[in-house]
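One structure below.
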Amino acid sequence: MDSSPNQIVKEIPRVIQVYKDGRFQKLSGTYTVPAGVDPSSGVQSKDVIISPETNLSARLYLPKTPTKKLPLLIYFHGGGFITQTAASPFYHNFLNLIAAESNVVIVSVDYRTAPEHPVPICFEDSWESIKWVAGNCPDTWVNDFADLENVFFAGDSAGANIAHHMAIRVGSENPRLSMNLRGTILLHPYFWGEDRIGSEEEHPWKALIEDMWIFAYPGASGLDDPLINPDKDPKVSDLGCSRVLVCVAENDILKDRGLYYNDILGKSGWNGSIEVIEDKGEDHVFFLFSHSPDSSCTLRKRICTFINHIDK
């Protein structure tokens, strides 16, 4: 039996390897690209420090030559709570497009990830970022161009989970935030549970989905922990916005959880409106990997319409 420090004692395929001596290697989401000016859209981006004590940061996006205050989108990246950053090329390129096409200011939160920083640290980092935006924010882009009466939360996969919980926190804690959360956008949300629903039992990624959660949150109460299963969260009716958009993909193992989210909110007593849309023939976060197909363009247009919706 291999007893060397290089012995792999834990592996989540395509996510992480952990060695006997405690070292680990993340297998995806480690590449980064610098902020700057996107040549195709003119969108500007920059990195800002939110908390020097924890090195919490965000990447901000500003559409080309704004002439008025714009809606503000606070975005939380995916990666199973373990991988990816706000500087990932997948998120950088996607959010450049969202900023340009939806004409929004974006704060993309670079929360800390497991295993160095296990769940629930990502949730606390995300909440600190929201308070930074809504407080006496020192950033000129936010102060000069973001309309804090027109704020949206969004995220994909684990980031959609975070967006959901941040919206609940806005509603349940009734914080004195100088902002108005208009809506929440959940793209292929990473929710789970002890009991299988839909086609989960037959899906080859079932074990990976469960393994990632337990690895990222060693202190979890299990697969029905309220942080991963909204059906077990007594605070779900406190969702602090009036509108929710949920997007799922037909071939995604998380599809059934996204569809069931509609039922969860319905029976909870939450009195807002929810729209759930399924993209046929697509898989998990397809829109990050290719921006040109009709399905990716349609999803971005869906986000644009949701953000720029005018209440009658």
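The way I read the labels, and the way they are meant: chains A, B, ... in the order of the structure tokens, residue 1 as the first residue of every chain, and ligand 1 as the first ligand shown, with later ones counted on from there.
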Please provide as a JSON list (two decimals) with all heavy atoms, in the first residue's frame all residues within 6 Å of A:Glu250, with the sequence filter that same-chain residues fewer than 6 positions apart are discarded (counting only C-alpha atoms).
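part09.json, freshly written:
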[["chain", "number", "residue", "atom", "x", "y", "z"],
["A", 279, "ASP", "N", -34.31, 24.39, -21.12],
["A", 279, "ASP", "CA", -33.66, 24.39, -22.43],
["A", 279, "ASP", "C", -33.46, 22.95, -22.88],
["A", 279, "ASP", "O", -32.69, 22.19, -22.27],
["A", 279, "ASP", "CB", -32.32, 25.12, -22.37],
["A", 279, "ASP", "CG", -32.50, 26.63, -22.24],
["A", 279, "ASP", "OD1", -33.06, 27.23, -23.18],
["A", 279, "ASP", "OD2", -32.10, 27.20, -21.21],
["A", 280, "LYS", "N", -34.15, 22.57, -23.93],
["A", 280, "LYS", "CA", -34.12, 21.20, -24.44],
["A", 280, "LYS", "C", -32.77, 20.88, -25.07],
["A", 280, "LYS", "O", -32.16, 21.72, -25.73],
["A", 280, "LYS", "CB", -35.23, 20.98, -25.47],
["A", 280, "LYS", "CG", -36.64, 21.21, -24.93],
["A", 280, "LYS", "CD", -36.99, 20.18, -23.86],
["A", 280, "LYS", "CE", -38.43, 20.36, -23.39],
["A", 280, "LYS", "NZ", -38.78, 19.38, -22.32],
["A", 281, "GLY", "N", -32.32, 19.66, -24.84],
["A", 281, "GLY", "CA", -31.11, 19.16, -25.47],
["A", 281, "GLY", "C", -29.81, 19.70, -24.90],
["A", 281, "GLY", "O", -28.74, 19.41, -25.43],
["A", 282, "GLU", "N", -29.89, 20.47, -23.80],
["A", 282, "GLU", "CA", -28.69, 21.08, -23.23],
["A", 282, "GLU", "C", -28.33, 20.44, -21.90],
["A", 282, "GLU", "O", -29.15, 19.78, -21.27],
["A", 282, "GLU", "CB", -28.89, 22.58, -23.05],
["A", 282, "GLU", "CG", -29.13, 23.34, -24.35],
["A", 282, "GLU", "CD", -27.90, 23.38, -25.26],
["A", 282, "GLU", "OE1", -26.82, 22.90, -24.85],
["A", 282, "GLU", "OE2", -28.03, 23.87, -26.40]]
When you look at A:Gly80 with a cut-off of 12 Å (counting only C-alpha atoms), what residues show up, excluding the ones that are within fewer than 4 positions of it in the same chain? I need them as a PyMOL selection string. chain A and resi 12+14-16+26+28-29+76+84-85+112-115+118-119+122+155-162+188-192+208-217+228
May I have the residues from that selection written out with N, CA and C atoms, as a compact mmCIF listing (two decimals), in the first residue's frame?
# COMPACT_ATOMS: atom_id res chain seq x y z
N ILE A 12 -12.45 13.67 -6.25
CA ILE A 12 -13.74 13.92 -6.88
C ILE A 12 -13.41 14.21 -8.34
N ARG A 14 -12.64 15.40 -11.90
CA ARG A 14 -12.73 16.70 -12.56
C ARG A 14 -12.90 17.86 -11.59
N VAL A 15 -12.80 17.56 -10.28
CA VAL A 15 -12.98 18.63 -9.29
C VAL A 15 -11.73 18.81 -8.45
N ILE A 16 -11.29 17.75 -7.73
CA ILE A 16 -10.19 17.91 -6.78
C ILE A 16 -9.55 16.57 -6.43
N LYS A 26 -6.78 21.29 -7.22
CA LYS A 26 -8.05 21.48 -7.89
C LYS A 26 -7.87 21.19 -9.37
N SER A 28 -10.02 21.76 -11.93
CA SER A 28 -10.68 22.66 -12.88
C SER A 28 -10.86 24.02 -12.22
N GLY A 29 -11.15 25.01 -13.02
CA GLY A 29 -11.47 26.32 -12.51
C GLY A 29 -10.30 27.11 -11.96
N PHE A 76 -22.98 35.40 -8.49
CA PHE A 76 -22.22 34.42 -7.72
C PHE A 76 -21.87 33.25 -8.66
N GLN A 84 -13.45 27.26 -9.32
CA GLN A 84 -13.79 28.48 -10.06
C GLN A 84 -13.57 29.74 -9.23
N THR A 85 -13.45 30.86 -9.93
CA THR A 85 -13.28 32.18 -9.33
C THR A 85 -14.00 33.19 -10.21
N ARG A 112 -14.70 32.88 -1.13
CA ARG A 112 -13.71 31.83 -0.86
C ARG A 112 -14.35 30.45 -0.96
N THR A 113 -13.54 29.47 -1.39
CA THR A 113 -14.07 28.13 -1.67
C THR A 113 -13.42 27.06 -0.80
N ALA A 114 -14.09 25.91 -0.74
CA ALA A 114 -13.60 24.74 -0.02
C ALA A 114 -12.48 24.08 -0.85
N PRO A 115 -11.61 23.28 -0.22
CA PRO A 115 -11.62 22.89 1.20
C PRO A 115 -10.91 23.87 2.13
N PRO A 118 -14.29 25.96 4.00
CA PRO A 118 -15.49 25.15 3.79
C PRO A 118 -16.78 25.96 3.94
N VAL A 119 -17.84 25.45 3.31
CA VAL A 119 -19.17 26.00 3.53
C VAL A 119 -19.42 26.02 5.04
N CYS A 122 -18.55 30.60 2.13
CA CYS A 122 -18.95 31.23 0.87
C CYS A 122 -20.21 32.07 1.04
N GLY A 155 -26.87 33.68 -10.20
CA GLY A 155 -25.75 32.76 -10.10
C GLY A 155 -26.08 31.49 -10.84
N ASP A 156 -25.05 30.70 -11.09
CA ASP A 156 -25.24 29.41 -11.75
C ASP A 156 -24.74 28.30 -10.83
N SER A 157 -25.42 27.16 -10.86
CA SER A 157 -25.02 25.97 -10.11
C SER A 157 -24.89 26.29 -8.62
N ALA A 158 -23.72 26.12 -8.02
CA ALA A 158 -23.55 26.47 -6.61
C ALA A 158 -23.79 27.96 -6.38
N GLY A 159 -23.47 28.78 -7.37
CA GLY A 159 -23.72 30.21 -7.26
C GLY A 159 -25.20 30.54 -7.25
N ALA A 160 -26.01 29.75 -7.95
CA ALA A 160 -27.46 29.93 -7.89
C ALA A 160 -27.98 29.58 -6.50
N ASN A 161 -27.41 28.54 -5.91
CA ASN A 161 -27.74 28.19 -4.52
C ASN A 161 -27.45 29.38 -3.60
N ILE A 162 -26.29 29.99 -3.79
CA ILE A 162 -25.92 31.14 -2.96
C ILE A 162 -26.88 32.31 -3.20
N HIS A 188 -29.52 26.83 -13.46
CA HIS A 188 -29.14 25.44 -13.17
C HIS A 188 -28.74 25.28 -11.70
N PRO A 189 -29.62 25.65 -10.77
CA PRO A 189 -29.25 25.70 -9.35
C PRO A 189 -28.84 24.34 -8.78
N TYR A 190 -27.80 24.39 -7.95
CA TYR A 190 -27.29 23.20 -7.26
C TYR A 190 -28.07 23.04 -5.95
N PHE A 191 -29.20 22.34 -6.06
CA PHE A 191 -29.98 21.89 -4.91
C PHE A 191 -29.96 20.37 -4.93
N TRP A 192 -30.18 19.77 -3.76
CA TRP A 192 -30.18 18.31 -3.68
C TRP A 192 -31.05 17.89 -2.50
N LEU A 208 -21.31 11.93 -7.63
CA LEU A 208 -20.44 13.11 -7.65
C LEU A 208 -21.14 14.30 -7.00
N ILE A 209 -22.41 14.48 -7.30
CA ILE A 209 -23.16 15.61 -6.74
C ILE A 209 -23.21 15.51 -5.21
N GLU A 210 -23.45 14.32 -4.71
CA GLU A 210 -23.52 14.13 -3.26
C GLU A 210 -22.15 14.27 -2.61
N ASP A 211 -21.13 13.74 -3.29
CA ASP A 211 -19.78 13.77 -2.75
C ASP A 211 -19.27 15.20 -2.63
N MET A 212 -19.57 16.02 -3.64
CA MET A 212 -19.11 17.41 -3.61
C MET A 212 -19.69 18.16 -2.42
N TRP A 213 -20.96 17.93 -2.14
CA TRP A 213 -21.59 18.65 -1.03
C TRP A 213 -20.98 18.28 0.31
N ILE A 214 -20.82 16.99 0.56
CA ILE A 214 -20.27 16.54 1.84
C ILE A 214 -18.81 16.98 1.99
N PHE A 215 -18.08 16.99 0.88
CA PHE A 215 -16.69 17.43 0.92
C PHE A 215 -16.61 18.93 1.19
N ALA A 216 -17.45 19.70 0.52
CA ALA A 216 -17.41 21.16 0.66
C ALA A 216 -17.91 21.62 2.02
N TYR A 217 -18.80 20.82 2.63
CA TYR A 217 -19.40 21.22 3.91
C TYR A 217 -19.35 20.04 4.88
N ILE A 228 -28.64 23.02 1.22
CA ILE A 228 -28.61 22.32 -0.07
C ILE A 228 -30.01 21.87 -0.50
Out of A:Asp238, A:Asp256, A:Glu201, A:Asp294, which residue has the shortest atom-to-atom distance to A:Asn271 when counting only C-alpha atoms? A:Asp238
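Of the residues in stretch 52-92 of chain A, those that DSSP places in helix (DSSP H, G or I) on the basis of the backbone are A:Pro89, A:Phe90, A:Tyr91, A:His92.
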Would you please extract all strand (DSSP E or B) residues from stretch 59-219 of chain A, as assigned by DSSP on the backbone, and give them as a ChimeraX atom specification? /A:59-62,70-76,105-110,146-156,181-187
Contact residues around stretch 63-73 of chain A with only C-alpha atoms at 10 Å, ignoring same-chain residues under 5 positions, as a ChimeraX atom specification: /A:37-38,41-45,96-108,133,141-155,179,181-185,307-308
Mind writing the picked residues with C-alpha atoms as a PDB file, in the first residue's frame?
ATOM      1  CA  VAL A  37     -11.713  46.500 -21.523  1.00  0.00           C
ATOM      2  CA  ASP A  38     -13.545  43.943 -23.637  1.00  0.00           C
ATOM      3  CA  SER A  41     -18.331  45.265 -26.485  1.00  0.00           C
ATOM      4  CA  GLY A  42     -16.410  48.056 -24.806  1.00  0.00           C
ATOM      5  CA  VAL A  43     -17.443  46.732 -21.394  1.00  0.00           C
ATOM      6  CA  GLN A  44     -14.916  47.706 -18.721  1.00  0.00           C
ATOM      7  CA  SER A  45     -14.019  45.462 -15.790  1.00  0.00           C
ATOM      8  CA  ASN A  96     -19.018  40.803 -20.369  1.00  0.00           C
ATOM      9  CA  LEU A  97     -21.884  39.724 -22.618  1.00  0.00           C
ATOM     10  CA  ILE A  98     -24.498  40.102 -19.880  1.00  0.00           C
ATOM     11  CA  ALA A  99     -23.259  43.603 -19.015  1.00  0.00           C
ATOM     12  CA  ALA A 100     -23.380  44.684 -22.665  1.00  0.00           C
ATOM     13  CA  GLU A 101     -26.636  43.012 -23.688  1.00  0.00           C
ATOM     14  CA  SER A 102     -28.623  43.742 -20.511  1.00  0.00           C
ATOM     15  CA  ASN A 103     -27.014  47.158 -19.936  1.00  0.00           C
ATOM     16  CA  VAL A 104     -26.298  46.462 -16.269  1.00  0.00           C
ATOM     17  CA  VAL A 105     -23.541  47.109 -13.781  1.00  0.00           C
ATOM     18  CA  ILE A 106     -22.283  43.777 -12.406  1.00  0.00           C
ATOM     19  CA  VAL A 107     -20.576  42.869  -9.154  1.00  0.00           C
ATOM     20  CA  SER A 108     -19.187  39.339  -9.552  1.00  0.00           C
ATOM     21  CA  VAL A 133     -22.561  47.283  -2.137  1.00  0.00           C
ATOM     22  CA  TRP A 141     -18.661  52.650 -10.515  1.00  0.00           C
ATOM     23  CA  VAL A 142     -21.201  51.472  -7.969  1.00  0.00           C
ATOM     24  CA  ASN A 143     -21.869  54.954  -6.604  1.00  0.00           C
ATOM     25  CA  ASP A 144     -22.102  56.747  -9.935  1.00  0.00           C
ATOM     26  CA  PHE A 145     -23.746  54.179 -12.194  1.00  0.00           C
ATOM     27  CA  ALA A 146     -25.563  51.481 -10.144  1.00  0.00           C
ATOM     28  CA  ASP A 147     -29.232  51.998  -9.314  1.00  0.00           C
ATOM     29  CA  LEU A 148     -29.580  50.466  -5.848  1.00  0.00           C
ATOM     30  CA  GLU A 149     -33.363  50.631  -6.178  1.00  0.00           C
ATOM     31  CA  ASN A 150     -33.073  48.149  -9.046  1.00  0.00           C
ATOM     32  CA  VAL A 151     -30.913  45.263  -7.792  1.00  0.00           C
ATOM     33  CA  PHE A 152     -30.872  41.629  -8.910  1.00  0.00           C
ATOM     34  CA  PHE A 153     -29.083  38.548  -7.599  1.00  0.00           C
ATOM     35  CA  ALA A 154     -27.994  35.792  -9.986  1.00  0.00           C
ATOM     36  CA  GLY A 155     -25.751  32.757 -10.102  1.00  0.00           C
ATOM     37  CA  MET A 179     -31.046  48.666  -1.829  1.00  0.00           C
ATOM     38  CA  LEU A 181     -33.886  43.516  -4.463  1.00  0.00           C
ATOM     39  CA  ARG A 182     -36.170  43.288  -7.486  1.00  0.00           C
ATOM     40  CA  GLY A 183     -35.537  39.710  -8.545  1.00  0.00           C
ATOM     41  CA  THR A 184     -33.367  36.606  -8.384  1.00  0.00           C
ATOM     42  CA  ILE A 185     -32.081  34.552 -11.323  1.00  0.00           C
ATOM     43  CA  ILE A 307     -33.833  42.499 -15.552  1.00  0.00           C
ATOM     44  CA  ASN A 308     -35.327  45.202 -17.767  1.00  0.00           C
TER      45      ASN A 308
END
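Closest approach to A:Asp233 from the set A:Ile197, A:Ile168, A:Val48, A:Ile303 is made by A:Ile168, with distances taken over only C-alpha atoms.
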Do you know which residues are at most 10 Å from A:Lys267 counting only C-alpha atoms, after dropping those on the same chain fewer than 4 positions away, and could you put them as a ChimeraX atom specification? /A:231,237,262-263,271
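What separates atom CA of A:Trp205 from atom CA of A:His284 is a distance of 11.3 Å.
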Looking at A:Ser295, A:Thr30, A:Asn136, A:Asn229, which one is nearest to A:Arg196, with distances taken over only C-alpha atoms? A:Asn229
